[in-house]
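Okay, structure first, notes after.
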Amino acid sequence: MRLKPATSSDGVSEQLFTLGEIPGVLWTPDGAAGARPLILMGHGGGQHKKAPDIVDRARRFVTECGYAVVAVDVPGHGDRPTDERYDRIATENQARVAAGAELAPLIAGFQALVARQTVPEWQAVLDAVQDLGHVGTGPVGYWGVSLGCGLGVPFVAAEPRVRAAVLGLGGALATAEAAARITVPVEFLVQWDDERVPRAQGLALFDALGSAEKTLHAHPGGHGEMPAFELDGTLRFFARFQHLILPFD
């Protein structure tokens, strides 16, 4: 893991890094020492590790909760090199939609393909970040919607260190089987008028989650219109495992 010099503003330390070919960013409280909860955030499609919504949420997790937060670029996004295979599939999918094909199944198939690469990458990122003294091996949470949900469901299902997850704006077409293996508490977000993920598919993914403790937050509006106040609920949700892990066992 190659760490770049950290920068600091308003009590938050931001440090870019690379792990092999994976570019990432780690946010921690200024002067942090010792283990603390860690949130891994998955960005949306066409975004990157420092997209504004990722940065805004990460900084609030740090300043209001004292967490560490890590985000990395998904293959073909941000500072990752162009992936000809993924680009070709995306171009073919665009042509299919223009010819009248349904968008949701194409998105689901593409995300399932990318997840085969990102799940082990994200597990390696957790290994490296938790080896840092000011992060340590505290509890881990996951936050990801849209593409971050499509990749996050198989990741949470496969990674036992994740103790709670916020997911949403995703459907069950490619992830229902993995969702059934998720047993940690989940907060799930649905946009009632989502033009990219049919409402029925979002609700089906929520139903497929194997978690005994799961909550559905549904709001009117399209795919990109999730209300800003949902971030406050997310902070409260993750705060439940900051000090007490036993309720999630």
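Residue numbering restarts at 1 for every chain of the structure tokens, chains are lettered A, B, ... in their displayed order, and ligands are numbered from 1 as they appear.
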Residue contacts of segment 156-170 of chain A (7 Å, only C-alpha atoms) excluding same-chain residues fewer than 6 positions away, as number ranges by chain: A: 139-146, 149-150, 178-179, 181-182, 184-191, 197, 202, 223, 248
Per-residue nearest contacts of segment 101-169 of chain A to segment 3-15 of chain A (12 Å; only C-alpha atoms) as CSV:
```
residue,atom,partner,partner_atom,distance
A:Ala128,CA,A:Leu3,CA,10.8
A:Val129,CA,A:Leu3,CA,10.4
A:Leu132,CA,A:Leu3,CA,10.7
A:His134,CA,A:Ser13,CA,11.3
```
Could those residues be written to a file, using all heavy atoms, as an mmCIF file, in the first residue's frame?
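And here's again_31.cif as it stands now:
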```cif
data_model
loop_
_atom_site.group_PDB
_atom_site.id
_atom_site.type_symbol
_atom_site.label_atom_id
_atom_site.label_comp_id
_atom_site.auth_asym_id
_atom_site.auth_seq_id
_atom_site.Cartn_x
_atom_site.Cartn_y
_atom_site.Cartn_z
ATOM 1 N N ALA A 128 -5.570 -3.874 4.059
ATOM 2 C CA ALA A 128 -4.502 -2.875 4.089
ATOM 3 C C ALA A 128 -4.838 -1.715 5.013
ATOM 4 O O ALA A 128 -3.996 -1.262 5.808
ATOM 5 C CB ALA A 128 -4.237 -2.365 2.668
ATOM 6 N N VAL A 129 -6.074 -1.212 4.944
ATOM 7 C CA VAL A 129 -6.447 -0.048 5.748
ATOM 8 C C VAL A 129 -6.508 -0.418 7.225
ATOM 9 O O VAL A 129 -6.062 0.353 8.088
ATOM 10 C CB VAL A 129 -7.796 0.523 5.250
ATOM 11 C CG1 VAL A 129 -8.326 1.575 6.214
ATOM 12 C CG2 VAL A 129 -7.631 1.130 3.861
ATOM 13 N N LEU A 132 -3.392 -0.193 9.377
ATOM 14 C CA LEU A 132 -2.887 1.117 9.800
ATOM 15 C C LEU A 132 -3.253 1.338 11.265
ATOM 16 O O LEU A 132 -4.386 1.082 11.683
ATOM 17 C CB LEU A 132 -3.480 2.226 8.928
ATOM 18 C CG LEU A 132 -3.168 2.145 7.426
ATOM 19 C CD1 LEU A 132 -3.958 3.208 6.672
ATOM 20 C CD2 LEU A 132 -1.663 2.312 7.186
ATOM 21 N N HIS A 134 -3.939 3.940 13.044
ATOM 22 C CA HIS A 134 -4.995 4.892 13.396
ATOM 23 C C HIS A 134 -6.358 4.469 12.851
ATOM 24 O O HIS A 134 -7.339 5.207 12.979
ATOM 25 C CB HIS A 134 -4.646 6.300 12.907
ATOM 26 C CG HIS A 134 -4.471 6.430 11.423
ATOM 27 N ND1 HIS A 134 -3.538 5.720 10.711
ATOM 28 C CD2 HIS A 134 -5.118 7.203 10.515
ATOM 29 C CE1 HIS A 134 -3.602 6.048 9.430
ATOM 30 N NE2 HIS A 134 -4.562 6.944 9.285
#
```
Distance atom CA of Ala180 of chain A-atom CA of Leu209 of chain A, one decimal place? 4.8 Å
Smallest atom-to-atom distance to Leu26 of chain A: which of A:Ile89, A:Leu126, A:Thr118, A:Gly210, using only C-alpha atoms? A:Leu126
Could you list, as a list in words, every residue within 10 Å of segment 99-103 of chain A, counting only C-alpha atoms and ignoring same-chain residues fewer than 5 positions away?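 Counting only C-alpha atoms, the residues come to Asn93, Gln94, Ala108, Glu195, Arg196, Val197 and Pro198 of chain A.
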Would you mind reading off the distance between atom CA of Ala176 of chain A and atom CA of Thr215 of chain A, one decimal, in Å?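 About the pair atom CA of Ala176 of chain A and atom CA of Thr215 of chain A: they are 16.8 Å apart.
Using only C-alpha atoms, the smallest distance between any of A:Cys65, A:Ala208, A:Met226, A:Leu147 and Phe110 of chain A comes from A:Leu147.
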Interatomic distance between atom CA of His77 of chain A and atom CA of Gly133 of chain A? 29.1 Å
DSSP on the backbone, alpha helix (DSSP H) only: what residues of segment 9-59 of chain A does that give? Format it as a VMD selection string. chain A and resid 52 to 59
Go ahead and write the residues just picked, C-alpha atoms, as a short mmCIF file (atom, residue, chain, number, x, y, z; two decimals), in the first residue's frame.
```
data_model
loop_
_atom_site.label_atom_id
_atom_site.label_comp_id
_atom_site.auth_asym_id
_atom_site.auth_seq_id
_atom_site.Cartn_x
_atom_site.Cartn_y
_atom_site.Cartn_z
CA PRO A 52 -19.22 15.11 -4.01
CA ASP A 53 -21.81 12.89 -2.32
CA ILE A 54 -19.09 10.45 -1.22
CA VAL A 55 -16.92 13.24 0.19
CA ASP A 56 -19.84 14.92 1.98
CA ARG A 57 -20.91 11.70 3.67
CA ALA A 58 -17.36 10.66 4.49
CA ARG A 59 -16.57 13.95 6.18
#
```
When you count only C-alpha atoms, which of these residues is closest to Thr91 of chain A: A:Thr137, A:Val125, A:Leu106, A:Gly20?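 Smallest distance to Thr91 of chain A is found for A:Leu106.
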With only C-alpha atoms as the counted atoms, please give the residues lying no more than 6 Å from Leu40 of chain A, apart from itself and same-chain residues fewer than 6 positions off, as number ranges by chain. A: 69-71, 142
Could those selected residues go to a file with N, CA and C atoms, as a tab-separated table (two decimals), in the first residue's frame?
```tsv
chain	number	residue	atom	x	y	z
A	69	VAL	N	-13.12	6.40	7.06
A	69	VAL	CA	-13.90	6.11	5.86
A	69	VAL	C	-12.94	5.90	4.70
A	70	VAL	N	-13.19	4.86	3.91
A	70	VAL	CA	-12.36	4.58	2.75
A	70	VAL	C	-13.24	4.40	1.53
A	71	ALA	N	-12.76	4.91	0.41
A	71	ALA	CA	-13.44	4.73	-0.88
A	71	ALA	C	-12.38	4.50	-1.94
A	142	TYR	N	-20.68	-0.82	5.62
A	142	TYR	CA	-20.64	-0.57	4.17
A	142	TYR	C	-21.78	0.36	3.80
```
